Structure formats: C-alpha cells, structure tokens
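Trainee: So that we are looking at the same thing, I have put the structure below in structure tokens.
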Amino acid sequence: MIVRANRTQIVKKLNVKPLHNLKSNKELREALLADPTPRTTLSFYQYFHIANPQEFRDELYRKFTELGVLGRIYIADEGINAQMSVPTANFEAFKQMLYSLDSALDGLRLNVAIEDDGKSFWVLRLKVRDKIVADGIDDPTFDVANNGKYLKAAQVNALIGDPNAVFVDMRNYYEYEVGHFENAIEVPSDTFKEQLPMAAEMLKDLKGRDDKTIVMYCTGGIRCEKATAYMIHNGFNNVYHVEGGVIEYARQAEKLGLESKFKGKNFVFDERFGERITDDVVARCHQCESPSDRHTNCANDNCHRLFIQCENCQTRFENCCGAECQRIAALPQAERYALRKLQTTSTFDKARANRLVPVL
C-alpha cells in the first residue's frame with residue numbers, strides 16, 4: 001500500500017497520466033457492476049512484427065484508456081493478443097483507432113462475444129511478453145507466417161463427415177470437456193506448449209501424406225494458427241485451421257443458418273467461463289458425474305481450482321471442490337490465511353495425465 005500511495009502521489013505531482021492501474025481489483029469490480037453503460041466484449045489477435053513492444057504497449061494503454069477499454073492484452077515482438085470489452089458507444093471509434101495503428105491491423109477481424117452482459121472484464125491490463133502465445137519453440141527457422149489455410153464454417157461442416165479429415169482440438173482439456181467439434185481429437189494437456197509436440201506425435205502416421213486432411217481449431221484462432229505452422233514446419237501436409245476459431249465459426253454458422261457441428265459450450269477466459277453454442281451438455285460434474293458443463297472456481301482461496309460442478313453439488317459443497325476445501329473455507333479469516341501456503345486435498349483430480357486419444 002505504501003508503494004501504491006507513493007506512486008499515486010508522484011503521478012499527481014508530475015501531472016501525468018499513469019500507464020497502469022492504481023486501484024484495487026475489488027474497487028474496479030464493484031465500479032463495473034454498478035455502471036449501467038452498455039459494453040461489448042470482443043477478442044482479436046494478429047501475428048506481426050512489433051519493433052518496440054514496450055512503446056507500442058504504452059501507446060495502446062493511453063488510447064485504450066481514453067476509450068474506456070477494459071481487458072487483458074498481451075504484446076510481444078511477434079504480435080498482439082487481446083480479450084476485452086469496450087463501451088458499445090465507442091466501438092466504432094475503437095475499431096478505427098485499432099485499424100490505424102499499423103497496416104497489419106487494418107481491417108482485422110474482431111471476434112465479438114456470442115453471449116455477453118458487458119461485465120466480462122473490470123480492469124485494463126496490457127503486458128509485454130516474450131510471445132503472445134507461449135509455445136516452447138526455440139527453433140530459429142520456425143516461421144509462424146508459414147501456416148495452414150483458413151476454413152470457413154460451410155467448409156468445416158463439409159469436412160466433418162469426411163473419413164480422410166482429422167479434426168484436432170488445440171485447447172486445454174478443461175475447454176474440450178465442455179464443448180468440441182464432432183469426433184475431434186483431444187490433445188490432453190494443461191498448456192499449449194505441451195500440446196504442440198504431443199499433437200505431432202499423435203498424428204505422426206499422417207506426416208507427409210496427401211490423402212489426409214488435418215483441421216486444427218481453438219477458441220479464437222490464435223493457438224490453432226500457430227499450431228498449423230508448427231505442423232507444417234514438422235513435415236505435415238494439407239493442414240488447415242478454422243477461421244477465427246470456435247467464436248467465428250459459431251457466428252458464421254448462425255448467420256448462414258448452418259447446423260452447428262460444434263456441440264456444447266465454448267470456454268472463454270473471463271468471468272463468463274463459457275458461451276453456449278448448442279444446448280448439448282457433453283460434460284459431467286466432477287463430483288457426482290451428473291450431466292453438467294458449469295465451470296466454477298473452488299471457494300477455498302487456498303485451492304481456487306477450476307472444475308465442473310452441478311447445482312446440487314454447489315449447494316452440498318458450498319462452491320467447494322471437496323469436503324476438505326469446504327471445511328477450510330468455513331474457517332475464520334485468520335485461520336484460512338495461516339493455511340494459505342499449505343497444500344489442500346479434494347475429491348477432484350485435476351490431472352488427466354497421459355490419456356492419449358488414438359488417431360482414427
């Protein structure tokens with residue numbers, strides 16, 4: 001608190017606008033929930049070279065702040081990855097500002113949320129990272145620009161029933177379990193950088209073959225685009241990816257009146273946890289195994305793990321992932337704080353290690 005107060009005093013004394021947030025998450029969240037301003041949630045990404053990521057970040061922070069943008073944005077020398085919300089009245093101004101920043105961003109597709117109450121983000125965070133998607137790739141000859149071809153919704157639907165097409169889900173296991181394309185292969189992992197070599201290993205029998213089509217997809221396109229480049233770099237042919245990921249596929253399918261071949265919910269990384277694409281419930285409660293695709297975080301702050309919990313188990317375990325976490329969450333605050341660094345146990349086993357799915 002002392003550092004925060006001093007920083008605020010310095011900023012006021014110099015009469016300059018801070019390029020970072022100075023309020024607590026609690027204050028910001030309460031302010032957003034009380035604000036009736038309509039907001040539009042969206043995401044976008046673009047791979048392009050940024051000569052000075054820190055300067056680009058600071059420029060974006062100023063412009064985004066002026067327009068009331070909230071969200072999480074990562075910037076690296078390889079490009080930008082953003083999930084955010086913007087006041088609906090400022091949406092067109094935001095779009096024109098973004099398009100004018102760099103020729104690589106001109107006309108960029110913006111993935112607008114399917115289900116949206118405008119309360120998805122309550123703080124603006126722009127961070128400079130080594131990469132906009134951590135991939136574990138250290139090969140200097142790898143070129144993300146040498147990627148697979150895009151597929152639109154109608155093309156995706158045509159390939160779903162093709163016996164020579166293999167669909168590969170490049171999202172994390174907790175995203176796959178609540179929704180995925182029909183017959184898509186899961187690459188069971190917690191991280192994208194683990195998935196890349198796993199996917200290449202799982203599909204090794206297809207390397208160099210022209211009679212098989214590999215279709216990769218993810219939430220908004222950023223991971224599967226890099227994944228197709230990785231597969232091509234490792235000798236795979238006929239590699240495609242779903243344009244704009246699940247978000248854009250669902251938008252196109254609805255607009256064209258196509259049957260959605262993606263079943264269930266599309267997991268999103270904000271307060272909503274997911275956008276429902278179809279009424280299918282393809283997952284089960286991690287505690288009682290009843291049909292459910294309702295993600296939540298354990299109410300025990302020592303745990304806070306992400307898991308699927310039906311409404312009955314929510315009541316029974318009081319938003320906790322197990323009896324032990326339920327006991328800890330009920331303790332006085334001082335006792336919970338003392339236990340914060342201790343490992344807790346639960347009835348939910350997060351890891352599903354080494355559960356590989358054979359290629360059809």
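Naming works like this for the structure tokens: A, B, ... for the chains as they're shown, residue 1 at the start of each chain, ligands 1 onward in shown order.
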Can you tell me, as a ChimeraX atom specification, what residues are no more than 12 Å from A:Gln309 when counting only C-alpha atoms, ignoring any on the same chain fewer than 3 positions away?
Mentor: /A:178,283-299,305-306,312-322,347-348
Trainee: Emit the selected residues as a JSON list (two decimals), in the first residue's frame, including N, CA and C atoms.
Mentor:
```
[["chain", "number", "residue", "atom", "x", "y", "z"],
["A", 178, "VAL", "N", -16.13, -29.36, -22.13],
["A", 178, "VAL", "CA", -17.47, -28.78, -22.12],
["A", 178, "VAL", "C", -18.02, -28.52, -23.52],
["A", 283, "ALA", "N", -20.44, -32.66, -20.94],
["A", 283, "ALA", "CA", -19.56, -32.90, -19.80],
["A", 283, "ALA", "C", -20.35, -33.40, -18.60],
["A", 284, "ARG", "N", -19.63, -33.74, -17.55],
["A", 284, "ARG", "CA", -20.26, -34.22, -16.32],
["A", 284, "ARG", "C", -19.66, -33.54, -15.10],
["A", 285, "CYS", "N", -20.46, -33.42, -14.08],
["A", 285, "CYS", "CA", -20.00, -32.86, -12.80],
["A", 285, "CYS", "C", -18.83, -33.69, -12.29],
["A", 286, "HIS", "N", -17.77, -33.03, -11.85],
["A", 286, "HIS", "CA", -16.59, -33.73, -11.37],
["A", 286, "HIS", "C", -16.82, -34.37, -10.00],
["A", 287, "GLN", "N", -17.95, -34.08, -9.36],
["A", 287, "GLN", "CA", -18.19, -34.62, -8.03],
["A", 287, "GLN", "C", -19.23, -35.74, -8.01],
["A", 288, "CYS", "N", -20.28, -35.62, -8.81],
["A", 288, "CYS", "CA", -21.33, -36.65, -8.78],
["A", 288, "CYS", "C", -21.56, -37.31, -10.12],
["A", 289, "GLU", "N", -20.88, -36.83, -11.18],
["A", 289, "GLU", "CA", -20.96, -37.43, -12.52],
["A", 289, "GLU", "C", -22.29, -37.17, -13.23],
["A", 290, "SER", "N", -23.13, -36.31, -12.70],
["A", 290, "SER", "CA", -24.37, -35.98, -13.41],
["A", 290, "SER", "C", -24.04, -35.01, -14.55],
["A", 291, "PRO", "N", -24.85, -34.99, -15.63],
["A", 291, "PRO", "CA", -24.57, -34.09, -16.75],
["A", 291, "PRO", "C", -24.49, -32.63, -16.29],
["A", 292, "SER", "N", -23.41, -31.97, -16.63],
["A", 292, "SER", "CA", -23.22, -30.56, -16.28],
["A", 292, "SER", "C", -22.03, -30.01, -17.04],
["A", 293, "ASP", "N", -22.10, -28.75, -17.45],
["A", 293, "ASP", "CA", -20.95, -28.09, -18.07],
["A", 293, "ASP", "C", -20.72, -26.73, -17.42],
["A", 294, "ARG", "N", -21.01, -26.67, -16.14],
["A", 294, "ARG", "CA", -20.94, -25.43, -15.37],
["A", 294, "ARG", "C", -19.58, -25.33, -14.67],
["A", 295, "HIS", "N", -18.66, -24.54, -15.24],
["A", 295, "HIS", "CA", -17.35, -24.35, -14.62],
["A", 295, "HIS", "C", -17.44, -23.36, -13.46],
["A", 296, "THR", "N", -16.63, -23.58, -12.45],
["A", 296, "THR", "CA", -16.53, -22.65, -11.33],
["A", 296, "THR", "C", -15.15, -22.79, -10.71],
["A", 297, "ASN", "N", -14.78, -21.84, -9.86],
["A", 297, "ASN", "CA", -13.53, -21.94, -9.09],
["A", 297, "ASN", "C", -13.86, -22.31, -7.66],
["A", 298, "CYS", "N", -13.07, -23.18, -7.08],
["A", 298, "CYS", "CA", -13.28, -23.59, -5.69],
["A", 298, "CYS", "C", -13.29, -22.37, -4.77],
["A", 299, "ALA", "N", -14.27, -22.33, -3.86],
["A", 299, "ALA", "CA", -14.42, -21.19, -2.95],
["A", 299, "ALA", "C", -13.33, -21.12, -1.90],
["A", 305, "ARG", "N", -9.18, -23.98, -7.54],
["A", 305, "ARG", "CA", -9.04, -24.69, -8.80],
["A", 305, "ARG", "C", -10.31, -24.61, -9.62],
["A", 306, "LEU", "N", -10.13, -24.72, -10.92],
["A", 306, "LEU", "CA", -11.25, -24.69, -11.86],
["A", 306, "LEU", "C", -11.79, -26.10, -12.03],
["A", 312, "ASN", "N", -26.62, -29.05, -7.68],
["A", 312, "ASN", "CA", -26.81, -29.83, -6.45],
["A", 312, "ASN", "C", -25.52, -29.90, -5.65],
["A", 313, "CYS", "N", -24.40, -30.15, -6.33],
["A", 313, "CYS", "CA", -23.11, -30.23, -5.64],
["A", 313, "CYS", "C", -22.64, -28.85, -5.18],
["A", 314, "GLN", "N", -23.05, -27.81, -5.90],
["A", 314, "GLN", "CA", -22.74, -26.46, -5.46],
["A", 314, "GLN", "C", -23.35, -26.20, -4.09],
["A", 315, "THR", "N", -24.59, -26.62, -3.91],
["A", 315, "THR", "CA", -25.27, -26.46, -2.63],
["A", 315, "THR", "C", -24.64, -27.37, -1.57],
["A", 316, "ARG", "N", -24.41, -28.61, -1.94],
["A", 316, "ARG", "CA", -23.88, -29.59, -0.97],
["A", 316, "ARG", "C", -22.49, -29.21, -0.48],
["A", 317, "PHE", "N", -21.61, -28.79, -1.39],
["A", 317, "PHE", "CA", -20.22, -28.49, -1.03],
["A", 317, "PHE", "C", -19.95, -26.99, -0.90],
["A", 318, "GLU", "N", -20.98, -26.17, -0.99],
["A", 318, "GLU", "CA", -20.85, -24.72, -0.80],
["A", 318, "GLU", "C", -19.77, -24.13, -1.71],
["A", 319, "ASN", "N", -19.89, -24.45, -2.99],
["A", 319, "ASN", "CA", -18.99, -23.93, -4.03],
["A", 319, "ASN", "C", -17.56, -24.43, -3.91],
["A", 320, "CYS", "N", -17.35, -25.49, -3.14],
["A", 320, "CYS", "CA", -16.00, -26.04, -2.98],
["A", 320, "CYS", "C", -15.86, -27.35, -3.77],
["A", 321, "CYS", "N", -14.62, -27.72, -4.05],
["A", 321, "CYS", "CA", -14.38, -28.91, -4.87],
["A", 321, "CYS", "C", -14.34, -30.19, -4.05],
["A", 322, "GLY", "N", -14.45, -30.09, -2.74],
["A", 322, "GLY", "CA", -14.46, -31.27, -1.89],
["A", 322, "GLY", "C", -14.69, -30.92, -0.44],
["A", 347, "THR", "N", -11.78, -33.92, -3.70],
["A", 347, "THR", "CA", -12.30, -35.10, -4.38],
["A", 347, "THR", "C", -12.10, -35.01, -5.88],
["A", 348, "PHE", "N", -11.57, -33.88, -6.34],
["A", 348, "PHE", "CA", -11.40, -33.68, -7.78],
["A", 348, "PHE", "C", -9.94, -33.81, -8.18]]
```
Trainee: Quick one: pick out all strand (DSSP E) residues within stretch 68-294 of chain A from a backbone DSSP run and write them as a ChimeraX atom specification.
Mentor: /A:70-76,79-87,111-112,124-128,149-151,165-169,179-181,185-186,213-217,239-242,262-266,275-276
Trainee: For the residues selected in the previous step, produce a file with N, CA and C atoms as a short mmCIF file (atom, residue, chain, number, x, y, z; two decimals), in the first residue's frame.
Mentor:
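What landed in again_7.cif:
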```cif
data_model
loop_
_atom_site.label_atom_id
_atom_site.label_comp_id
_atom_site.auth_asym_id
_atom_site.auth_seq_id
_atom_site.Cartn_x
_atom_site.Cartn_y
_atom_site.Cartn_z
N LEU A 70 -11.55 -2.10 -21.27
CA LEU A 70 -11.13 -2.95 -20.17
C LEU A 70 -10.75 -4.31 -20.74
N GLY A 71 -9.81 -4.99 -20.11
CA GLY A 71 -9.49 -6.31 -20.62
C GLY A 71 -8.06 -6.72 -20.37
N ARG A 72 -7.67 -7.78 -21.04
CA ARG A 72 -6.35 -8.38 -20.87
C ARG A 72 -5.69 -8.45 -22.25
N ILE A 73 -4.56 -7.76 -22.41
CA ILE A 73 -3.90 -7.66 -23.71
C ILE A 73 -2.42 -8.03 -23.54
N TYR A 74 -1.95 -8.94 -24.38
CA TYR A 74 -0.54 -9.33 -24.37
C TYR A 74 0.12 -8.84 -25.66
N ILE A 75 1.32 -8.30 -25.51
CA ILE A 75 2.07 -7.74 -26.63
C ILE A 75 3.47 -8.32 -26.62
N ALA A 76 3.95 -8.71 -27.79
CA ALA A 76 5.31 -9.22 -27.94
C ALA A 76 5.83 -8.80 -29.30
N GLY A 79 3.58 -9.98 -32.11
CA GLY A 79 2.22 -9.52 -32.36
C GLY A 79 1.44 -9.16 -31.12
N ILE A 80 0.11 -9.26 -31.22
CA ILE A 80 -0.79 -8.85 -30.14
C ILE A 80 -1.90 -9.88 -29.97
N ASN A 81 -2.30 -10.08 -28.72
CA ASN A 81 -3.39 -11.00 -28.37
C ASN A 81 -4.25 -10.28 -27.34
N ALA A 82 -5.54 -10.10 -27.62
CA ALA A 82 -6.38 -9.28 -26.75
C ALA A 82 -7.75 -9.90 -26.51
N GLN A 83 -8.19 -9.86 -25.25
CA GLN A 83 -9.57 -10.15 -24.86
C GLN A 83 -10.03 -8.94 -24.05
N MET A 84 -11.16 -8.34 -24.44
CA MET A 84 -11.50 -7.06 -23.83
C MET A 84 -12.98 -6.75 -23.95
N SER A 85 -13.37 -5.65 -23.32
CA SER A 85 -14.70 -5.08 -23.55
C SER A 85 -14.52 -3.58 -23.75
N VAL A 86 -15.41 -2.98 -24.53
CA VAL A 86 -15.35 -1.56 -24.84
C VAL A 86 -16.77 -1.00 -24.75
N PRO A 87 -16.93 0.22 -24.23
CA PRO A 87 -18.28 0.80 -24.24
C PRO A 87 -18.87 0.72 -25.64
N ASN A 111 -13.51 -10.65 -33.07
CA ASN A 111 -14.44 -11.69 -32.65
C ASN A 111 -15.33 -11.15 -31.52
N VAL A 112 -16.55 -10.78 -31.86
CA VAL A 112 -17.49 -10.25 -30.87
C VAL A 112 -18.15 -11.41 -30.14
N LEU A 124 -8.08 -2.82 -16.94
CA LEU A 124 -7.29 -2.80 -18.16
C LEU A 124 -5.87 -3.22 -17.83
N ARG A 125 -5.43 -4.34 -18.42
CA ARG A 125 -4.07 -4.81 -18.21
C ARG A 125 -3.41 -5.06 -19.57
N LEU A 126 -2.33 -4.37 -19.81
CA LEU A 126 -1.53 -4.58 -21.02
C LEU A 126 -0.15 -5.03 -20.58
N LYS A 127 0.26 -6.21 -21.02
CA LYS A 127 1.54 -6.77 -20.58
C LYS A 127 2.42 -7.12 -21.77
N VAL A 128 3.70 -6.79 -21.64
CA VAL A 128 4.69 -7.17 -22.65
C VAL A 128 5.24 -8.53 -22.28
N LYS A 149 -4.10 -23.18 -44.17
CA LYS A 149 -5.13 -22.40 -44.83
C LYS A 149 -6.37 -22.29 -43.94
N TYR A 150 -7.08 -21.17 -44.09
CA TYR A 150 -8.31 -20.95 -43.33
C TYR A 150 -9.46 -21.78 -43.89
N LEU A 151 -10.37 -22.18 -42.99
CA LEU A 151 -11.62 -22.82 -43.37
C LEU A 151 -12.78 -22.01 -42.80
N ALA A 165 -10.54 -36.68 -43.12
CA ALA A 165 -10.26 -35.44 -42.39
C ALA A 165 -10.16 -35.73 -40.89
N VAL A 166 -9.13 -35.21 -40.27
CA VAL A 166 -8.92 -35.38 -38.83
C VAL A 166 -8.99 -34.01 -38.16
N PHE A 167 -9.93 -33.82 -37.25
CA PHE A 167 -10.07 -32.57 -36.51
C PHE A 167 -9.30 -32.67 -35.20
N VAL A 168 -8.50 -31.65 -34.91
CA VAL A 168 -7.65 -31.65 -33.72
C VAL A 168 -7.95 -30.41 -32.89
N ASP A 169 -8.34 -30.61 -31.64
CA ASP A 169 -8.66 -29.52 -30.72
C ASP A 169 -7.39 -29.06 -30.03
N GLY A 179 -17.17 -28.68 -24.54
CA GLY A 179 -17.64 -28.48 -25.91
C GLY A 179 -16.55 -28.73 -26.91
N HIS A 180 -16.89 -29.33 -28.05
CA HIS A 180 -15.91 -29.59 -29.10
C HIS A 180 -16.63 -29.99 -30.39
N PHE A 181 -15.89 -29.98 -31.48
CA PHE A 181 -16.45 -30.42 -32.75
C PHE A 181 -16.66 -31.94 -32.71
N ILE A 185 -10.31 -34.80 -32.06
CA ILE A 185 -9.30 -35.41 -31.19
C ILE A 185 -8.89 -34.42 -30.12
N GLU A 186 -8.86 -34.86 -28.90
CA GLU A 186 -8.34 -34.04 -27.80
C GLU A 186 -6.85 -34.29 -27.63
N THR A 213 -6.45 -34.94 -44.43
CA THR A 213 -6.56 -33.51 -44.15
C THR A 213 -6.58 -33.31 -42.64
N ILE A 214 -5.71 -32.44 -42.15
CA ILE A 214 -5.66 -32.12 -40.72
C ILE A 214 -6.30 -30.76 -40.51
N VAL A 215 -7.32 -30.71 -39.67
CA VAL A 215 -8.01 -29.46 -39.36
C VAL A 215 -7.82 -29.16 -37.87
N MET A 216 -7.20 -28.03 -37.55
CA MET A 216 -6.94 -27.65 -36.17
C MET A 216 -7.82 -26.46 -35.80
N TYR A 217 -8.23 -26.42 -34.55
CA TYR A 217 -9.07 -25.30 -34.13
C TYR A 217 -8.82 -24.98 -32.66
N VAL A 239 -2.66 -29.07 -44.06
CA VAL A 239 -3.01 -28.61 -42.71
C VAL A 239 -3.86 -27.34 -42.82
N TYR A 240 -4.99 -27.35 -42.13
CA TYR A 240 -5.94 -26.24 -42.16
C TYR A 240 -6.28 -25.81 -40.73
N HIS A 241 -6.86 -24.62 -40.61
CA HIS A 241 -7.39 -24.22 -39.31
C HIS A 241 -8.68 -23.44 -39.49
N VAL A 242 -9.56 -23.56 -38.50
CA VAL A 242 -10.87 -22.93 -38.56
C VAL A 242 -10.71 -21.43 -38.41
N PHE A 262 -20.14 -27.91 -33.88
CA PHE A 262 -19.52 -27.77 -32.56
C PHE A 262 -20.63 -27.96 -31.54
N LYS A 263 -20.47 -28.89 -30.63
CA LYS A 263 -21.50 -29.21 -29.67
C LYS A 263 -21.11 -28.78 -28.25
N GLY A 264 -22.04 -28.14 -27.56
CA GLY A 264 -21.82 -27.74 -26.18
C GLY A 264 -21.45 -26.29 -26.02
N LYS A 265 -20.56 -26.02 -25.06
CA LYS A 265 -20.16 -24.65 -24.75
C LYS A 265 -18.74 -24.38 -25.23
N ASN A 266 -18.49 -23.14 -25.57
CA ASN A 266 -17.15 -22.69 -25.91
C ASN A 266 -16.57 -21.99 -24.70
N GLU A 275 -19.43 -19.64 -23.51
CA GLU A 275 -20.53 -19.20 -24.34
C GLU A 275 -21.23 -20.45 -24.87
N ARG A 276 -22.55 -20.53 -24.69
CA ARG A 276 -23.26 -21.72 -25.15
C ARG A 276 -23.45 -21.64 -26.66
#
```
Trainee: Within stretch 200-253 of chain A, find each residue whose DSSP state, derived from the backbone, is helix (DSSP H, G or I), and express the selection as a PyMOL selection string.
Mentor: chain A and resi 200-202+204-206+222-233+245-253
Trainee: Please produce a file of the residues just selected, as an mmCIF file, in the first residue's frame, where the atoms kept are C-alpha atoms.
Mentor:
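Okay, again_16.cif is ready:
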```
data_model
loop_
_atom_site.group_PDB
_atom_site.id
_atom_site.type_symbol
_atom_site.label_atom_id
_atom_site.label_comp_id
_atom_site.auth_asym_id
_atom_site.auth_seq_id
_atom_site.Cartn_x
_atom_site.Cartn_y
_atom_site.Cartn_z
ATOM 1 C CA ALA A 200 2.793 -34.035 -33.785
ATOM 2 C CA GLU A 201 3.402 -37.346 -32.017
ATOM 3 C CA MET A 202 -0.271 -38.351 -32.044
ATOM 4 C CA LYS A 204 2.902 -38.947 -36.768
ATOM 5 C CA ASP A 205 1.405 -41.572 -39.080
ATOM 6 C CA LEU A 206 -0.068 -38.732 -41.183
ATOM 7 C CA ILE A 222 -4.535 -17.630 -32.266
ATOM 8 C CA ARG A 223 -3.397 -21.026 -30.991
ATOM 9 C CA CYS A 224 -4.518 -23.113 -33.964
ATOM 10 C CA GLU A 225 -2.879 -20.704 -36.427
ATOM 11 C CA LYS A 226 0.487 -21.190 -34.734
ATOM 12 C CA ALA A 227 -0.217 -24.922 -34.384
ATOM 13 C CA THR A 228 -0.685 -25.324 -38.147
ATOM 14 C CA ALA A 229 2.628 -23.536 -38.731
ATOM 15 C CA TYR A 230 4.260 -25.938 -36.261
ATOM 16 C CA MET A 231 2.803 -28.977 -38.045
ATOM 17 C CA ILE A 232 3.905 -27.710 -41.472
ATOM 18 C CA HIS A 233 7.358 -26.977 -40.017
ATOM 19 C CA GLY A 245 -11.741 -20.386 -34.103
ATOM 20 C CA VAL A 246 -14.963 -21.529 -32.470
ATOM 21 C CA ILE A 247 -16.159 -17.949 -31.927
ATOM 22 C CA GLU A 248 -16.121 -17.035 -35.616
ATOM 23 C CA TYR A 249 -17.362 -20.472 -36.691
ATOM 24 C CA ALA A 250 -20.437 -20.105 -34.465
ATOM 25 C CA ARG A 251 -21.104 -16.598 -35.790
ATOM 26 C CA GLN A 252 -20.845 -17.732 -39.400
ATOM 27 C CA ALA A 253 -22.976 -20.846 -38.822
#
```
Trainee: By how many Å are atom CA of A:Phe121 and atom CA of A:Gly220 apart?
Mentor: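 For atom CA of A:Phe121 relative to atom CA of A:Gly220, the distance reads 17.4 Å.
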Trainee: Would you mind listing what lies within 9 Å of A:Asn157 as a tab-separated table (two decimals) with N, CA and C atoms, in the first residue's frame, with only C-alpha atoms counted and same-chain residues fewer than 6 positions away left out?
Mentor:
```
chain	number	residue	atom	x	y	z
A	258	LEU	N	-26.59	-22.60	-40.77
A	258	LEU	CA	-25.97	-23.92	-40.82
A	258	LEU	C	-26.13	-24.64	-39.49
A	259	GLU	N	-26.21	-25.96	-39.53
A	259	GLU	CA	-26.19	-26.74	-38.30
A	259	GLU	C	-24.82	-26.61	-37.65
A	260	SER	N	-24.78	-26.35	-36.36
A	260	SER	CA	-23.51	-26.25	-35.67
A	260	SER	C	-22.95	-27.64	-35.42
A	261	LYS	N	-21.76	-27.89	-35.95
A	261	LYS	CA	-21.07	-29.15	-35.72
A	261	LYS	C	-20.21	-29.09	-34.46
```
Trainee: Separation of atom CA of A:Ser103 and atom CA of A:Phe192, in Å?
Mentor: 28.5 Å
Trainee: My list of candidates is A:Lys193, A:Arg57, A:Arg209, A:Arg336. Which is closest to A:Val133 when distances are computed with only C-alpha atoms?
Mentor: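 Of A:Lys193, A:Arg57, A:Arg209, A:Arg336, the one nearest A:Val133 is A:Lys193, counting only C-alpha atoms.
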Trainee: Considering only C-alpha atoms, can you say which of A:Glu194, A:Asp117, A:Glu55, A:Asp106 comes closest to A:Thr41?
Mentor: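 The shortest atom-to-atom distance to A:Thr41 comes from A:Asp117.
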